[in-house]
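For reference, the structure is listed below as structure tokens.
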Amino acid sequence: MEDSKASYYWFKADSDVHEELFAYVKHLQNEQGYISTENIRNIRLYSNHEYNSIANFNLNRVDNSMGTQNRVTFNIVQSMIDTAVSKITKNKPRPYFLTDGGNWSLKRKAQKLTQFLDGAFYHTEYYKKASLAFKHACITGTGCLKIFKHENNLCVEHVLIDEITIDQKEAFYGTPRQIHQRKWINRDVLIGMFPKYKSKIEQAATSFEENHKATVNMNSDMVLVVESWKLPSSKKASDGRHAICLNNVTLFDEEWDKDYFPFVFFKWNDRPVGFFGQGISEQLAGIQLEINKILRTIQVSMHLVSVPKIFVEASSKIVTSHLNNKIGGIIKYAGTPPTEGKLGTIPPELFNHLDRLYQRAYAIIGISQLSAQAQKPQGLNSGKALRTYNDLETERFTSVGKNYEDAAMSAAKLMICTIKEIASETDNFQMSAPGSKFLSKIAWSEVEMDESDYIMQCFPVSALSNDPASRMQEVQELMQAGLVDKTIGLKLLDYPDLRAYYDIANASVDEIERQIELMIDKGEYNTPEPYQNLPYALVTCQNAYLMYKAQGAPEENLDLLRRFMDDCNELMTQATQPTPEQAQQMAAGQPLGVPQAPQQSDLLPVSTAQG
């Protein structure tokens, strides 16, 4: 496949799309090889692993026969990236669906759609894979997730950014019209996906080159698959295309009428021009290399000047075996006695410069050394002080955190579009949504809405702090301000090591919320019991009734809430009325709760009383 056959207009080919597509992607790879070179350098800086190449499925290491593996290392890049990833990805952005002036039915659908998407994030392990993609964004500048359907299932896959090929000229303003993914897939797995092309897959080459030029191990059975997307030039145009190809066959080909790619991209820092971002490895490359040089100088100097030496004149008659570490040993000599050589010193400027570079690296990225060491500043003990300190440090990463939240929003939109495709091919598509105590299955038909009926916003999973001290103080402040009572305060704390206690303490709250939810969502009436916290149940149900009434809930559902409140009032009234025994005591003029004096017969033995 020669570069001369490369054509930008591969998507216009009537047949043999694979020939033009492979030639075009190979041309881009040859022209933009510097991108892979930069990725290799950044990965080396982070991993302390001297990869020879990560392209072409080659993970061989550079020869370490010169002893480079024994060098002292001080990987400031890895420390910085791990700290940044921990700070940003500890929050789990949660997309919420809100209606703009919608009726009660639409609002309930929006709430259920939020739960449905929670289930999609949970089952696809989005947060775990997003954290990995963000880590790669810190290393290479750009991370990537792919959202697609496979066998009528929603899938999220982490994609190495070196697998993504984009024409940098076309993406000068950051908005490419084509994206190509190069992926190595086992030949047998590919045959299972496309059994129709079994013979062609068996004949496919294992690289761009037909003669297998050392790009892949000859014993490997991995073949290179290229999947490409081209967006339509306008809403009415039909020149969009999606194709999956080997070097000798087109496995899949369809028109792509969507205005988006099935990818979510994460970036540490956006460049002024171009598509790919800038990572922490690139920002600290110069400092890291200088630190490596200084450490090498210090290490060699220590080996050269830190070992004691003994000088012996050549004309002296000294038995060298007498030069030992024996206590009180005797050294016989004739002529000039042996003398101990003075050790040299390492210039302190080397250590001072190393410390300056170390501090400068943290200043460039905006991370404190205490955060990298998982320590808090001395003297900051209160939750409020810790919150203020964290807020000041987090402001440095506001734009990065916003990009991370935007990626969650983009993932949510792609998931919804993919789920719509799956639902159109599958009857009764459901998703198990995790709740606070149990999983609930929600059908797509129950939450499907037109895009014009809702807006989507992103919030963290919890607005409270993560550390116990800050969370405790925030809840106490809410309770002191009268915004929440003690019952809700216990529910907000929710510490894992006290989960058993909180489950019991919050049982009454959870039960009342469950009853209200059943009456509103399913129209099932739940009778209150005298063993419940009836005053709290009454107030909670009253607030829920007023809220759902304002939202336009159906009258039959509201009637269930009114019935529930009436039953609560009746039970509380019954609790205040005296029992028959208490009524007798009141009639006899005795205080309530004081038992009557026992009769004489009650004090006799059973046999005597019966007699």
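Chain labels run A, B, ... following the order of the structure tokens; each chain numbers its residues from 1, and ligands are numbered from 1 in the order shown.
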
| task | Excluding A:Phe564 and any residue of its chain fewer than 2 positions from it, enumerate the residues within 10 Å of it, using only C-alpha atoms, and give them as a list in words. | result | Gln515, Ile516, Met519, Tyr525, Asn526, Thr527, Pro528, Ala537, Leu538, Cys541, Gln542, Leu558, Asp559, Leu560, Leu561, Arg562, Asp566, Asp567, Cys568, Asn569 and Glu570 of chain A

| field | Which of stretch 105-168 of chain A DSSP labels strand (DSSP E), written as a VMD selection string | value | chain A and resid 142 to 150 153 to 159 164 to 165

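Taking atom CA of A:Glu157 and atom CA of A:Ser399 as the two end points, the separation is 24.9 Å.
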
| request: Find the residues near stretch 124-139 of chain A: any atom within 7 Å, counting only C-alpha atoms, skip ones fewer than 4 places away on the same chain, and give them as a VMD selection string. | output: chain A and resid 42 to 43 46 81 85 89 92 120 143 to 145 155 to 156 158 266 to 268 279 to 281

Serialized selection, C-alpha atoms, as a compact mmCIF listing (two decimals), in the first residue's frame:
```txt
# COMPACT_ATOMS: atom_id res chain seq x y z
CA ASN A 42 5.89 11.22 28.01
CA ILE A 43 5.10 7.62 28.93
CA TYR A 46 5.94 8.76 33.94
CA ILE A 81 0.35 13.02 38.03
CA VAL A 85 -5.51 12.30 39.33
CA THR A 89 -11.22 12.05 40.05
CA LYS A 92 -17.83 11.66 40.56
CA ALA A 120 -25.67 3.06 32.94
CA GLY A 143 -7.26 10.58 27.19
CA CYS A 144 -10.10 8.85 25.40
CA LEU A 145 -13.19 6.71 26.07
CA CYS A 155 -20.28 -0.54 26.42
CA VAL A 156 -17.60 1.93 27.53
CA HIS A 158 -10.76 2.96 27.32
CA PHE A 266 -10.14 14.19 28.37
CA LYS A 267 -7.45 16.87 28.32
CA TRP A 268 -5.19 18.21 31.03
CA GLY A 279 -0.05 16.84 29.70
CA ILE A 280 1.84 17.19 32.95
CA SER A 281 4.68 15.06 31.56
```

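You will find atom CA of A:Asn533 at 8.4 Å from atom CA of A:Val509.
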